[in-house]
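Visitor: Attaching a single structure in structure tokens format; questions to follow.
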Amino acid sequence: MSRVAELTGLLAPYDTAREGAWSSREAAHLLGRAQFGFTSKELDRAVKEGLNATVDRLLVPQAESAEYQKAEAALKQTALATGEIGDLKVWWLYRMWGSANPFGEKLAVLWHNHFATSHAKVRSVPQMLAQNELIRTHALGDFKQLLHGMAVDTAMLVWLDGNANRKRHPNENFAREIMELFALGVGNYTEKDIQEAARSFSGWHVREGAFWFNRLQHDESPKTVFGQTGNFDGKQIVDLCLAHPACPRFLAMKLLKTFVLANPTTEQIDAVAARLSHHQLVVAPVMRELLTSQLFFEAAQRRAVIKSPLDLVVGSLRAVSQSVKWPPVAKVLADLGQDVFEPPSVKGWEGGRLWVNSSSLLMRTNFATELASSDRWATLSKPILDGAGGTSESVVARLDKWLLGGTADERLLSDLALHHKQADGDAIQKLRGVMQLVMSLPEYQLL
């Protein structure tokens, strides 16, 4: 078998024709990874339409409702009018929760973390908003366009001290990060490459809130980067990074760790990198192959990724709520360690096992308790409430399907049903009690 065939085989399509190969469990696994949670309606639709149709729909922009558009526009205008980053956080969290394009928002968070830029230094809501919308525009598109856009993005230039990069005193921040964190990864460049690239970006400044090429501060002399010599400017350095063989592997690792498994193998990275190269770094067709692959649906990949705070909080709210009070939710996310628009460093949120410790696990349990027991943060949706009057077994089965993707074993289902039968209170109170238990389970912390 050739190397190309071997790599292609690692991403063989998932065989939904096998009996039982496409059910609410598989649909929940797909939606849980590709979105921040899912509603009962979304899950039922995915089961009915099947894998390929569901993935196709996730990848194609869907029309937003008039109600959503009105609310989203009002929240954005509020953020611009007040200049408060808290209002911009509410705008984005509302998008994650309410948009008809949840996969686009999941990818926007991936790229926000990839190009981690914090308002704590930028201090400009319009610039942070512009960067966020740039990310969303290219989230499923051509990574080459996204990287070029980031190179002249004003929030990024402020974040990485672009105005300090001058002809006689080059600042290496952006050149270092484009190689280490944005395109190549550690070990695929030298310190000399960074120094030479920094000269190419000299004079790439911000003036009056816009990108400004300050020709007087640009070094026009020859530079040598990755063994190639020329009178490179910043655009050419970006192109050199994009053409570097490490680039597709770096992006492949990021996609695999976000959507498939915490520790991808060299072979798995190579397989996805080969598809990225084939599609010239356009994200959508690669994600389609990845989300419909046997690799994605392997048993070892189920419940194998620790939920980020956004996956936990926004995902829970999408599953059970019909309305949300966003400012206190934003605070919960910050307390749990994922404060959007304010990542902790240029490396962003490293995630994985770093999401959980004794303190954060307690806060996650407290979140579940607060969400399930009261309407202080959110009101429960009609589909959740409609099932409250059923038998203990039916109530538990519905919650297992919507919150755990139908993965609870018979013993857990039996224990939850017994708790429901023995609980005090009316049907809604008993429902809330079981919901709180499910959301506090170790299994609920995993995707």
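As shown in the structure tokens, the chain order sets the letters A, B, ...; within each chain, residues go from 1, and ligands are also counted from 1 in the order they appear.
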List as a ChimeraX atom specification the protein and nucleic acid residues near His419 in chain A, meaning an atom at most 9 Å away when only C-alpha atoms are counted, but skip any in the same chain fewer than 3 places from it.
Guide: /A:392,414-416,422-423,430,433-434
Visitor: Could you pull out the helix (DSSP H, G or I) residues of range 89-231 of chain A from DSSP and send them as a PyMOL selection string?
Guide: chain A and resi 89-98+102-114+119-122+125-138+143-151+154-159+162-164+173-183+191-200+215-217
Visitor: Quick one: residues within 9 Å of Gln322 in chain A, only C-alpha atoms, excluding same-chain residues fewer than 4 positions away - as a ChimeraX atom specification?
Guide: /A:317-318,378-382
Visitor: Would you write out those residues with N, CA and C atoms, as a PDB file, in the first residue's frame?
Guide:
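Contents of part.pdb, freshly written:
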ATOM      1  N   LEU A 317     -26.856  25.260  28.306  1.00  0.00           N
ATOM      2  CA  LEU A 317     -27.907  26.247  28.075  1.00  0.00           C
ATOM      3  C   LEU A 317     -28.638  25.988  26.759  1.00  0.00           C
ATOM      4  N   ARG A 318     -27.903  25.585  25.724  1.00  0.00           N
ATOM      5  CA  ARG A 318     -28.563  25.276  24.453  1.00  0.00           C
ATOM      6  C   ARG A 318     -29.479  24.058  24.604  1.00  0.00           C
ATOM      7  N   ALA A 378     -31.365  31.170  33.718  1.00  0.00           N
ATOM      8  CA  ALA A 378     -32.055  30.774  32.494  1.00  0.00           C
ATOM      9  C   ALA A 378     -33.391  30.129  32.826  1.00  0.00           C
ATOM     10  N   THR A 379     -34.337  30.211  31.893  1.00  0.00           N
ATOM     11  CA  THR A 379     -35.614  29.519  32.030  1.00  0.00           C
ATOM     12  C   THR A 379     -35.594  28.266  31.170  1.00  0.00           C
ATOM     13  N   LEU A 380     -36.171  27.199  31.685  1.00  0.00           N
ATOM     14  CA  LEU A 380     -36.142  25.924  30.977  1.00  0.00           C
ATOM     15  C   LEU A 380     -37.034  25.969  29.741  1.00  0.00           C
ATOM     16  N   SER A 381     -36.618  25.229  28.721  1.00  0.00           N
ATOM     17  CA  SER A 381     -37.353  25.219  27.457  1.00  0.00           C
ATOM     18  C   SER A 381     -38.583  24.325  27.549  1.00  0.00           C
ATOM     19  N   LYS A 382     -39.527  24.543  26.649  1.00  0.00           N
ATOM     20  CA  LYS A 382     -40.767  23.779  26.621  1.00  0.00           C
ATOM     21  C   LYS A 382     -40.530  22.287  26.390  1.00  0.00           C
TER      22      LYS A 382
END
Visitor: Would you kindly return, as a list of chain:residue names, each protein, DNA or RNA residue with an atom no farther than 10 Å from any atom of Asn113 in chain A, considering only C-alpha atoms and excluding same-chain residues fewer than 6 positions away?
Guide: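 My list of contacting residues is A:Leu107, A:Val340, A:Phe341, A:Glu342, A:Pro343, A:Pro344, A:Ser345, A:Val346, A:Lys347, A:Gly348, A:Trp349, A:Glu350.
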Visitor: Have a look at CA of Gln35 in chain A and CA of Pro102 in chain A and let me know their distance in Å, one decimal.
Guide: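 Computed distance, CA of Gln35 in chain A to CA of Pro102 in chain A, equals 5.3 Å.
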Visitor: Quick one: distance from CA of Pro328 in chain A to CA of Gln436 in chain A in Å, one decimal?
Guide: 18.8 Å
